[in-house]
Amino acid sequence: HTYAQAGKYVVKLKNGIFDYYNLYSSFQENIYKIVSLYDKFRIVVNHFRESPKLVEANISNAIIVGWYIMYNCPNLTKVIANNVKAISISSCFRNCSNLTEIIGLDTWNTDELTNMNTMFYNCTSLTSLNLDSWNTENVNNMTNMFRGCALLQNLDVSHFKTEKVKTLAWAFEGCKLLTDFNFLNNWDIGKATNILVADRQDSYGAGGGNLSLEVRATMQRHGSNATVKSIVFGLGGKDFSKEDAKEMFNISADDKAVDFQYYGVTKGIYAGQ
């Protein structure tokens with residue numbers, strides 16, 4: 001639709017499914033505020049993606065079945081999302097750096113949710129999230145879930161069911177104000193595909209650090225197909241930094257990385273060389 005004059009208009013979207021090209025257009029680039037959607041409006045791939053002028057959105061009663069929903073909306077500050085049904089929410093609020101409030105998260109129906117990859121990635125202004133009622137028993141991907149949430153300090157995910165989760169890489173990287181990670185003791189990561197074990201000691205000819213050998217034996221005994229990668233680090237008193245830890249995470253997520261290697265070790269030199 002083309003308007004005769006520039007200005008702010010209320011646009012109502014009726015029931016149905018709208019594809020990428022219907023919403024990712026000049027309309028989307030100039031959208032300022034989403035007042036409401038019709039009941040059970042289906043939000044699919046790229047809806048409201050990269051809407052630079054969007055400051056507030058009400059998506060209550062919607063059904064989210066796609067990804068990159070409201071991705072990279074730098075001026076979005078408030079979202080009202082009561083009674084939303086979420087099936088796939090990958091990159092849902094990713095890079096919404098000024099988003100400070102999401103109302104209604106505790107009312108979401110997540111019984112069929114499978115993908116939480118990068119959902120809140122780089123939401124650098126969020127301080128709290130209420131996910132107390134979320135059912136994650138069918139989720140298989142939590143990669144980068146809260147990565148970059150530098151101000152996030154109120155978060156309780158101890159009740160999350162993670163039996164089907166295969167990847168958690170960088171889920172909490174950059175969450176500088178989260179200090180208590182004891183909730184991880186309640187998480188079952190038996191379906192993880194890659195497990196990295198870092199040892200600060202070595203056993204000559206064993207093909208891995210002592211702890212990694214024990215973990216491999218345990219995983220095998222319980223029928224897990226996860227790849228256990230062993231890294232021996234810090235030999236000879238070498239320092240270990242946060243950057244080193246990040247590099248180890250990259251190694252663990254790299255399917256082409258060898259299962260056993262040394263990290264930060266100076267290679268020996270034969271006499272006379």
# chains A, B, ... in the order shown; residues from 1 in each chain; ligands from 1
call {"tool": "residues_around", "arguments": {"residues": "Leu76 in chain A", "least_positions_apart": "4", "cutoff": "12 Å", "atoms": "only C-alpha atoms", "output": "PDB file with C-alpha atoms, in the first residue's frame"}}
result
ATOM      1  CA  ILE A  31       7.487   0.914  10.958  1.00  0.00           C
ATOM      2  CA  TYR A  32       7.462   2.817  14.258  1.00  0.00           C
ATOM      3  CA  LYS A  33       5.186   0.895  16.590  1.00  0.00           C
ATOM      4  CA  ILE A  34       3.275  -2.391  16.558  1.00  0.00           C
ATOM      5  CA  PHE A  48       9.845  -7.110  11.545  1.00  0.00           C
ATOM      6  CA  ARG A  49      13.523  -7.925  10.988  1.00  0.00           C
ATOM      7  CA  GLU A  50      15.882  -4.940  10.869  1.00  0.00           C
ATOM      8  CA  SER A  51      13.228  -2.299  11.483  1.00  0.00           C
ATOM      9  CA  PRO A  52      15.448   0.630  12.499  1.00  0.00           C
ATOM     10  CA  LYS A  53      12.602   2.917  13.576  1.00  0.00           C
ATOM     11  CA  LEU A  54      10.677   0.351  15.616  1.00  0.00           C
ATOM     12  CA  VAL A  55      10.585   1.427  19.289  1.00  0.00           C
ATOM     13  CA  GLU A  56       7.733  -0.627  20.773  1.00  0.00           C
ATOM     14  CA  ALA A  57       5.907  -3.808  19.786  1.00  0.00           C
ATOM     15  CA  ASN A  58       2.874  -5.660  21.074  1.00  0.00           C
ATOM     16  CA  MET A  70      12.611  -8.438  15.371  1.00  0.00           C
ATOM     17  CA  TYR A  71      16.264  -9.241  14.745  1.00  0.00           C
ATOM     18  CA  ASN A  72      18.546  -6.209  14.746  1.00  0.00           C
ATOM     19  CA  ILE A  80       4.581  -6.669  25.154  1.00  0.00           C
ATOM     20  CA  PHE A  93      15.439 -10.516  19.826  1.00  0.00           C
ATOM     21  CA  ARG A  94      19.035 -10.745  18.655  1.00  0.00           C
ATOM     22  CA  ASN A  95      20.948  -7.458  18.506  1.00  0.00           C
ATOM     23  CA  CYS A  96      18.110  -5.458  20.061  1.00  0.00           C
ATOM     24  CA  SER A  97      20.708  -3.514  22.011  1.00  0.00           C
ATOM     25  CA  ASN A  98      18.328  -0.970  23.581  1.00  0.00           C
ATOM     26  CA  LEU A  99      15.621  -3.428  24.581  1.00  0.00           C
ATOM     27  CA  THR A 100      15.061  -3.063  28.338  1.00  0.00           C
ATOM     28  CA  GLU A 101      11.658  -4.671  28.910  1.00  0.00           C
ATOM     29  CA  ILE A 102       9.821  -7.745  27.650  1.00  0.00           C
ATOM     30  CA  CYS A 123      20.479  -7.742  24.218  1.00  0.00           C
ATOM     31  CA  SER A 125      20.388  -3.494  27.973  1.00  0.00           C
ATOM     32  CA  LEU A 126      18.289  -6.284  29.490  1.00  0.00           C
TER      33      LEU A 126
END
call {"tool": "select_by_dssp", "arguments": {"residues": "range 10-179 of chain A", "states": "strand (DSSP E)", "output": "PyMOL selection string"}}
result
chain A and resi 33-34+42-43+56-58+63-64+78-80+85-86+101-103+128-129+154-155
call {"tool": "closest_atom_pairs", "arguments": {"of": "range 171-254 of chain A", "to": "range 115-122 of chain A", "cutoff": "12 Å", "atoms": "only C-alpha atoms", "output": "CSV"}}
result
residue,atom,partner,partner_atom,distance
A:Ala171,CA,A:Thr118,CA,8.1
A:Phe172,CA,A:Tyr121,CA,9.4
A:Glu173,CA,A:Tyr121,CA,9.6
A:Gly174,CA,A:Asn122,CA,8.9
A:Cys175,CA,A:Asn122,CA,9.8
call {"tool": "write_last_selection", "arguments": {"atoms": "C-alpha atoms", "output": "PDB file, in the first residue's frame"}}
result
ATOM      1  CA  ALA A 171      25.118 -19.780  25.971  1.00  0.00           C
ATOM      2  CA  PHE A 172      26.232 -17.416  28.753  1.00  0.00           C
ATOM      3  CA  GLU A 173      29.351 -15.840  27.239  1.00  0.00           C
ATOM      4  CA  GLY A 174      29.581 -12.148  28.085  1.00  0.00           C
ATOM      5  CA  CYS A 175      27.001 -12.283  30.927  1.00  0.00           C
TER       6      CYS A 175
END
call {"tool": "closest_atom_pairs", "arguments": {"of": "range 153-199 of chain A", "to": "range 224-244 of chain A", "cutoff": "10 Å", "atoms": "only C-alpha atoms", "output": "tab-separated table"}}
result
residue	atom	partner	partner_atom	distance
A:Lys166	CA	A:Ala226	CA	9.2
A:Gly190	CA	A:Ser224	CA	7.0
A:Lys191	CA	A:Ala226	CA	7.3
A:Ala192	CA	A:Ala226	CA	6.1
A:Thr193	CA	A:Ala226	CA	4.4
A:Asn194	CA	A:Thr227	CA	4.9
A:Ile195	CA	A:Val228	CA	4.7
A:Leu196	CA	A:Lys229	CA	4.8
A:Val197	CA	A:Ser230	CA	5.1
A:Ala198	CA	A:Ile231	CA	4.8
A:Asp199	CA	A:Val232	CA	4.8
call {"tool": "closest_residue", "arguments": {"among": "A:Asn186, A:Thr179, A:Thr114, A:Asn140", "to": "Phe160 in chain A", "atoms": "only C-alpha atoms"}}
result
A:Asn186
call {"tool": "atom_distance", "arguments": {"atom1": "CA of Thr167 in chain A", "atom2": "CA of Leu113 in chain A"}}
result
15.3 Å
call {"tool": "closest_residue", "arguments": {"among": "A:Val84, A:Ala245, A:Ala169, A:Leu213", "to": "Arg42 in chain A", "atoms": "only C-alpha atoms"}}
result
A:Val84
call {"tool": "residues_around", "arguments": {"residues": "range 106-108 of chain A", "least_positions_apart": "6", "cutoff": "8 Å", "atoms": "only C-alpha atoms", "output": "ChimeraX atom specification"}}
result
/A:82-86,130-134
call {"tool": "closest_residue", "arguments": {"among": "A:Lys246, A:Arg147, A:His47, A:Arg216", "to": "Ile63 in chain A", "atoms": "only C-alpha atoms"}}
result
A:His47
call {"tool": "select_by_dssp", "arguments": {"residues": "range 121-261 of chain A", "states": "alpha helix (DSSP H)", "output": "list in words"}}
result
Asn210, Leu211, Ser212, Leu213, Glu214, Val215, Arg216, Ala217, Thr218, Met219, Gln220, Arg221, Lys242, Glu243, Asp244, Ala245, Lys246, Glu247, Met248, Phe249, Asn250, Ile251, Ser252 and Ala253 of chain A
